[in-house]
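Okay, so here's the structure we're looking at.
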Amino acid sequence: MRGVRNALSAGWRVLEAGGGALEAVEEAVVIMEDDETFDAGRGSFLNREGRVQMDALIMDGATLRAGGVGCVEHLRNPVRAARKILSESPHVYFVAEGAERFAEEHGIELCKNEDLVIPRELERLRDYQREAARQESTSGMTTGPAGVTQKDGKDLFAPEVSHDTVGAVALDRAGNIAAATSTGGTLNKAPGRLGDSSLIGCGCYADNLSAAVSTTGWGEPIMKLVLAKWTADRVSAGNLPEWAAQEAMNYLKQRLNGHGGIIVLNAQGQVGIAHNTPRMAWAFKTGKNEESGVNRGNSEMEP
């Protein structure tokens, strides 16, 4: 909880000083990328080869401009590079070495990949791979792309284990909204795998005419449903963000048996928070109140 509260404070300071929503979500996400609790920046889940590979996207609801990076291995704060792409490139998306080269050319210092790896994640990967090897040697059990699975096909690591992707949405004094999402992806993922977080309309989306949205969870089902845009479209059709968030989680579960969480904000300052996992750390602040928690009910929030 401390991590999301710290991120909330960083974003709110920007807004309180008259800064824009885009800057606010960037600063909030940087705080969480720097917090080893989360699956973003230092402390991210490791891929199959024991390396950190990260993705991030930031999007401006006023202009629909966006910046994204994928499969980066030498950036402490991928969202910083995403913001540079949004602000200083005619392109939207850079991956791997090209993303890192762009970042370095625009004043962002690169780091060693091992600087992003922490002992907790090395141990987590070893445990996962050990269990995968045990299951593969046991008749009737397999290891699939979703992770270590039992005979009935259920993922042993989901939804009980948190994915811990980080995201933020914000509304500024000018009435503009923005969203940002950053992740290290899934545990033991194949090198080069991209999830939903850095893809426009999947794990992140922002449009002043609908909503700012950020998601967390198992990326493949979220991508297939283009879930962030699906949710924003429900808000555009006149639904409250809280309803749209709950419906998005229902849709994710019913259509593809997916699991995750979502935060939604419209240009009127109405908020939606929902998840179909046991827990999701969240926090929000308006001019009238502030709340945080690890479980979200169905109550509607007003600005």
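Labels used: A, B, ... for chains in the order of the structure tokens, numbers from 1 for residues in each chain, and numbers from 1 for ligands as shown.
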
Using only C-alpha atoms, determine which residues lie at most 10 Å from Thr286 of chain A, disregarding the query and same-chain residues fewer than 2 positions distant; provide the list as a PDB file with N, CA and C atoms, in the first residue's frame.
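Writing the result to selection_1.pdb gives the following:
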```
ATOM      1  N   TRP A  12      -0.194  13.797  -7.486  1.00  0.00           N
ATOM      2  CA  TRP A  12      -1.016  14.893  -6.977  1.00  0.00           C
ATOM      3  C   TRP A  12      -0.215  16.185  -6.844  1.00  0.00           C
ATOM      4  N   ALA A 170      -4.945  10.286 -14.757  1.00  0.00           N
ATOM      5  CA  ALA A 170      -5.040  11.593 -14.103  1.00  0.00           C
ATOM      6  C   ALA A 170      -5.887  12.549 -14.930  1.00  0.00           C
ATOM      7  N   LEU A 171      -6.497  13.499 -14.231  1.00  0.00           N
ATOM      8  CA  LEU A 171      -7.269  14.594 -14.820  1.00  0.00           C
ATOM      9  C   LEU A 171      -6.700  15.898 -14.290  1.00  0.00           C
ATOM     10  N   GLY A 269     -14.083  13.577 -13.975  1.00  0.00           N
ATOM     11  CA  GLY A 269     -13.478  13.220 -12.693  1.00  0.00           C
ATOM     12  C   GLY A 269     -14.099  12.022 -12.024  1.00  0.00           C
ATOM     13  N   GLN A 270     -14.915  11.258 -12.726  1.00  0.00           N
ATOM     14  CA  GLN A 270     -15.505  10.046 -12.154  1.00  0.00           C
ATOM     15  C   GLN A 270     -14.547   8.877 -12.349  1.00  0.00           C
ATOM     16  N   VAL A 271     -14.435   8.048 -11.332  1.00  0.00           N
ATOM     17  CA  VAL A 271     -13.409   7.011 -11.266  1.00  0.00           C
ATOM     18  C   VAL A 271     -14.032   5.629 -11.230  1.00  0.00           C
ATOM     19  N   PHE A 284      -6.612   6.598  -4.900  1.00  0.00           N
ATOM     20  CA  PHE A 284      -7.046   7.734  -5.708  1.00  0.00           C
ATOM     21  C   PHE A 284      -7.272   8.947  -4.814  1.00  0.00           C
ATOM     22  N   LYS A 288     -11.942  16.402  -3.063  1.00  0.00           N
ATOM     23  CA  LYS A 288     -12.803  16.202  -1.902  1.00  0.00           C
ATOM     24  C   LYS A 288     -12.365  15.078  -0.981  1.00  0.00           C
ATOM     25  N   ASN A 289     -11.760  14.046  -1.529  1.00  0.00           N
ATOM     26  CA  ASN A 289     -11.402  12.915  -0.669  1.00  0.00           C
ATOM     27  C   ASN A 289     -10.262  12.104  -1.250  1.00  0.00           C
ATOM     28  N   GLU A 290      -9.773  11.199  -0.419  1.00  0.00           N
ATOM     29  CA  GLU A 290      -8.662  10.317  -0.795  1.00  0.00           C
ATOM     30  C   GLU A 290      -8.941   8.935  -0.224  1.00  0.00           C
ATOM     31  N   GLU A 291      -8.699   7.905  -1.036  1.00  0.00           N
ATOM     32  CA  GLU A 291      -8.918   6.529  -0.602  1.00  0.00           C
ATOM     33  C   GLU A 291      -7.820   5.640  -1.146  1.00  0.00           C
ATOM     34  N   GLU A 302     -17.734   9.397  -6.507  1.00  0.00           N
ATOM     35  CA  GLU A 302     -17.984  10.665  -7.159  1.00  0.00           C
ATOM     36  C   GLU A 302     -16.815  11.622  -6.898  1.00  0.00           C
ATOM     37  N   PRO A 303     -16.557  12.583  -7.802  1.00  0.00           N
ATOM     38  CA  PRO A 303     -15.434  13.494  -7.600  1.00  0.00           C
ATOM     39  C   PRO A 303     -15.609  14.382  -6.399  1.00  0.00           C
TER      40      PRO A 303
END
```

**Q.** strand (DSSP E) residues, from DSSP on the backbone, in segment 148-232 of chain A, as a PyMOL selection string
**A.** chain A and resi 148+166-171+177-183+204-206+212-217

Restricted to all heavy atoms, what would the selected residues look like written as a compact mmCIF listing (two decimals), in the first residue's frame?
```txt
# COMPACT_ATOMS: atom_id res chain seq x y z
N VAL A 148 2.96 -22.65 -15.51
CA VAL A 148 2.94 -24.02 -15.02
C VAL A 148 1.49 -24.42 -14.80
O VAL A 148 0.75 -23.75 -14.09
CB VAL A 148 3.73 -24.12 -13.70
CG1 VAL A 148 3.73 -25.54 -13.20
CG2 VAL A 148 5.16 -23.63 -13.92
N VAL A 166 2.15 -1.77 -13.10
CA VAL A 166 1.76 -0.49 -12.49
C VAL A 166 1.13 0.42 -13.54
O VAL A 166 1.46 0.36 -14.72
CB VAL A 166 2.96 0.22 -11.83
CG1 VAL A 166 3.60 -0.70 -10.80
CG2 VAL A 166 4.00 0.68 -12.85
N GLY A 167 0.23 1.27 -13.08
CA GLY A 167 -0.42 2.21 -13.98
C GLY A 167 -0.98 3.39 -13.24
O GLY A 167 -1.17 3.35 -12.02
N ALA A 168 -1.25 4.45 -13.98
CA ALA A 168 -1.84 5.66 -13.39
C ALA A 168 -2.71 6.35 -14.42
O ALA A 168 -2.44 6.30 -15.62
CB ALA A 168 -0.73 6.60 -12.91
N VAL A 169 -3.75 7.01 -13.92
CA VAL A 169 -4.61 7.87 -14.75
C VAL A 169 -4.78 9.18 -14.01
O VAL A 169 -4.74 9.22 -12.78
CB VAL A 169 -5.99 7.22 -15.03
CG1 VAL A 169 -5.83 6.00 -15.92
CG2 VAL A 169 -6.69 6.83 -13.73
N ALA A 170 -4.95 10.29 -14.76
CA ALA A 170 -5.04 11.59 -14.10
C ALA A 170 -5.89 12.55 -14.93
O ALA A 170 -5.98 12.44 -16.16
CB ALA A 170 -3.65 12.19 -13.89
N LEU A 171 -6.50 13.50 -14.23
CA LEU A 171 -7.27 14.59 -14.82
C LEU A 171 -6.70 15.90 -14.29
O LEU A 171 -6.55 16.06 -13.08
CB LEU A 171 -8.75 14.47 -14.41
CG LEU A 171 -9.66 15.67 -14.67
CD1 LEU A 171 -9.83 15.92 -16.17
CD2 LEU A 171 -11.01 15.45 -13.99
N ILE A 177 -7.16 14.42 -19.69
CA ILE A 177 -6.85 13.18 -19.00
C ILE A 177 -5.68 12.48 -19.68
O ILE A 177 -5.38 12.74 -20.85
CB ILE A 177 -8.06 12.22 -18.92
CG1 ILE A 177 -8.63 11.94 -20.31
CG2 ILE A 177 -9.12 12.79 -17.99
CD1 ILE A 177 -9.81 10.98 -20.30
N ALA A 178 -5.01 11.63 -18.94
CA ALA A 178 -3.87 10.88 -19.46
C ALA A 178 -3.77 9.56 -18.73
O ALA A 178 -4.32 9.39 -17.63
CB ALA A 178 -2.57 11.67 -19.31
N ALA A 179 -3.05 8.62 -19.34
CA ALA A 179 -2.85 7.30 -18.73
C ALA A 179 -1.44 6.82 -19.02
O ALA A 179 -0.84 7.18 -20.04
CB ALA A 179 -3.85 6.29 -19.28
N ALA A 180 -0.91 6.01 -18.12
CA ALA A 180 0.40 5.38 -18.32
C ALA A 180 0.41 4.01 -17.67
O ALA A 180 -0.23 3.81 -16.62
CB ALA A 180 1.52 6.24 -17.74
N THR A 181 1.11 3.06 -18.28
CA THR A 181 1.22 1.70 -17.76
C THR A 181 2.65 1.23 -17.97
O THR A 181 3.26 1.51 -19.00
CB THR A 181 0.26 0.74 -18.50
OG1 THR A 181 -1.05 1.27 -18.50
CG2 THR A 181 0.23 -0.62 -17.83
N SER A 182 3.20 0.50 -16.99
CA SER A 182 4.57 0.00 -17.09
C SER A 182 4.65 -1.38 -16.46
O SER A 182 4.02 -1.64 -15.43
CB SER A 182 5.53 0.96 -16.39
OG SER A 182 6.87 0.53 -16.50
N THR A 183 5.44 -2.27 -17.06
CA THR A 183 5.50 -3.64 -16.56
C THR A 183 6.81 -4.33 -16.91
O THR A 183 7.48 -3.96 -17.87
CB THR A 183 4.34 -4.46 -17.15
OG1 THR A 183 4.27 -5.73 -16.50
CG2 THR A 183 4.52 -4.68 -18.64
N CYS A 204 -3.46 0.17 -22.03
CA CYS A 204 -3.42 1.60 -21.74
C CYS A 204 -4.14 2.36 -22.84
O CYS A 204 -4.01 2.02 -24.02
CB CYS A 204 -1.96 2.05 -21.65
SG CYS A 204 -1.72 3.76 -21.09
N TYR A 205 -4.91 3.38 -22.45
CA TYR A 205 -5.61 4.21 -23.45
C TYR A 205 -6.06 5.50 -22.77
O TYR A 205 -6.37 5.51 -21.58
CB TYR A 205 -6.83 3.48 -24.01
CG TYR A 205 -7.42 4.17 -25.21
CD1 TYR A 205 -6.78 4.13 -26.44
CD2 TYR A 205 -8.61 4.88 -25.11
CE1 TYR A 205 -7.31 4.78 -27.55
CE2 TYR A 205 -9.15 5.53 -26.21
CZ TYR A 205 -8.48 5.48 -27.44
OH TYR A 205 -8.99 6.12 -28.53
N ALA A 206 -6.10 6.58 -23.55
CA ALA A 206 -6.62 7.85 -23.02
C ALA A 206 -7.19 8.69 -24.15
O ALA A 206 -6.55 8.86 -25.19
CB ALA A 206 -5.53 8.63 -22.30
N ALA A 212 -9.58 7.67 -19.57
CA ALA A 212 -8.21 7.19 -19.42
C ALA A 212 -8.27 5.85 -18.69
O ALA A 212 -8.98 5.72 -17.68
CB ALA A 212 -7.38 8.19 -18.62
N VAL A 213 -7.55 4.86 -19.22
CA VAL A 213 -7.65 3.50 -18.71
C VAL A 213 -6.27 2.88 -18.59
O VAL A 213 -5.43 3.04 -19.48
CB VAL A 213 -8.52 2.62 -19.65
CG1 VAL A 213 -8.68 1.21 -19.08
CG2 VAL A 213 -9.87 3.25 -19.91
N SER A 214 -6.03 2.14 -17.52
CA SER A 214 -4.81 1.34 -17.38
C SER A 214 -5.20 -0.01 -16.80
O SER A 214 -6.04 -0.08 -15.88
CB SER A 214 -3.80 2.05 -16.47
OG SER A 214 -2.62 1.28 -16.33
N THR A 215 -4.61 -1.08 -17.31
CA THR A 215 -4.96 -2.42 -16.85
C THR A 215 -3.74 -3.15 -16.29
O THR A 215 -2.59 -2.79 -16.55
CB THR A 215 -5.53 -3.28 -17.99
OG1 THR A 215 -4.48 -3.64 -18.90
CG2 THR A 215 -6.62 -2.54 -18.75
N THR A 216 -4.00 -4.18 -15.54
CA THR A 216 -2.98 -5.09 -15.06
C THR A 216 -3.55 -6.50 -15.15
O THR A 216 -4.76 -6.69 -15.15
CB THR A 216 -2.58 -4.77 -13.61
OG1 THR A 216 -1.58 -5.70 -13.17
CG2 THR A 216 -3.77 -4.85 -12.65
N GLY A 217 -2.66 -7.49 -15.24
CA GLY A 217 -3.15 -8.86 -15.28
C GLY A 217 -2.45 -9.69 -16.34
O GLY A 217 -1.38 -9.34 -16.84
```

Please provide as an mmCIF file with all heavy atoms, in the first residue's frame all residues within 8 Å of Ala103 of chain A, with the sequence filter that same-chain residues fewer than 6 positions apart are discarded (counting only C-alpha atoms).
```
data_model
loop_
_atom_site.group_PDB
_atom_site.id
_atom_site.type_symbol
_atom_site.label_atom_id
_atom_site.label_comp_id
_atom_site.auth_asym_id
_atom_site.auth_seq_id
_atom_site.Cartn_x
_atom_site.Cartn_y
_atom_site.Cartn_z
ATOM 1 N N ALA A 81 11.269 6.987 -21.075
ATOM 2 C CA ALA A 81 11.551 6.841 -22.495
ATOM 3 C C ALA A 81 10.265 6.933 -23.311
ATOM 4 O O ALA A 81 10.242 7.555 -24.383
ATOM 5 C CB ALA A 81 12.248 5.509 -22.760
ATOM 6 N N LYS A 84 9.385 10.517 -23.731
ATOM 7 C CA LYS A 84 10.239 11.176 -24.723
ATOM 8 C C LYS A 84 9.754 10.868 -26.139
ATOM 9 O O LYS A 84 9.768 11.738 -27.020
ATOM 10 C CB LYS A 84 11.691 10.715 -24.553
ATOM 11 C CG LYS A 84 12.403 11.265 -23.340
ATOM 12 C CD LYS A 84 12.738 12.737 -23.507
ATOM 13 C CE LYS A 84 13.606 13.235 -22.356
ATOM 14 N NZ LYS A 84 13.914 14.679 -22.473
ATOM 15 N N GLU A 109 19.891 8.033 -19.370
ATOM 16 C CA GLU A 109 21.040 7.169 -19.129
ATOM 17 C C GLU A 109 20.627 5.705 -19.110
ATOM 18 O O GLU A 109 19.612 5.336 -18.504
ATOM 19 C CB GLU A 109 21.693 7.549 -17.792
ATOM 20 C CG GLU A 109 22.983 6.798 -17.492
ATOM 21 C CD GLU A 109 23.619 7.223 -16.186
ATOM 22 O OE1 GLU A 109 23.130 8.203 -15.591
ATOM 23 O OE2 GLU A 109 24.594 6.571 -15.750
#
```

Q.
For the helix (DSSP H, G or I) assignment from backbone DSSP, which residues of segment 24-263 of chain A qualify? Please present them as a PyMOL selection string.
A. chain A and resi 24-33+78-88+96-105+113-116+119-136+219-225+227-236+241-256

(Q) Restricting the calculation to only C-alpha atoms: of A:Arg193, A:Lys224, A:Arg255, A:Arg42, which residue gets closest to Gly70 of chain A? (A) A:Arg193

Q.
Excluding Val4 of chain A and its own-chain neighbours fewer than 2 positions away, which residues fall within 12 Å of it when counting only C-alpha atoms? Please give them as a ChimeraX atom specification.
A. /A:1-2,6-11,28-35,37-38,164-168,280-285,291-294

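Of the residues listed (A:Arg51, A:Arg13, A:Arg5, A:His106), A:Arg51 shows the shortest atom-to-atom separation from Lys189 of chain A; distances use only C-alpha atoms.
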
Q) Distance atom CA of Lys253 of chain A-atom CA of Pro221 of chain A, one decimal place? A) 9.1 Å

**Q.** Distance criterion (only C-alpha atoms): nearest to Ser87 of chain A out of A:Ser198, A:Cys71, A:Leu227, A:Thr63
**A.**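 Among the listed residues, the smallest separation from Ser87 of chain A belongs to A:Thr63.
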
Q: Compile the contact shell of Gly192 of chain A as an MDAnalysis selection string: residues with an atom at most 10 Å away, counting only C-alpha atoms, same-chain residues fewer than 5 positions apart removed.
A: chainID A and resid 47 53:54 70:72 95:96

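Of the residues under consideration (A:Ser197, A:Thr138, A:Asn77, A:Ser210), A:Ser197 shows the shortest atom-to-atom contact distance to Asp55 of chain A when counting only C-alpha atoms.
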
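The gap separating atom CA of Glu73 of chain A from atom CA of Gly41 of chain A is 9.4 Å, in Å to one decimal.
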
Q. With only C-alpha atoms as the basis for distance, which of A:Leu265, A:Ile85, A:Asp39, A:Arg279 is at the shortest distance from Glu105 of chain A?
A. A:Ile85

(Q) Excluding Asp196 of chain A and its own-chain neighbours fewer than 4 positions away, which residues fall within 6 Å of it when counting only C-alpha atoms? Please give them as a ChimeraX atom specification. (A) /A:202-203,219,223

Q.
What's around segment 125-130 of chain A at 9 Å? Count only C-alpha atoms, leave out sequence neighbours fewer than 3 positions away in its own chain, and write the answer as an MDAnalysis selection string.
A. chainID A and resid 45:48 50 120:122 133:135 147:148 157 187:188

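Of the listed residues A:Arg65, A:Arg296, A:Arg83, A:His259, the one whose atoms come nearest to Asn208 of chain A is A:Arg65, with distances taken using only C-alpha atoms.
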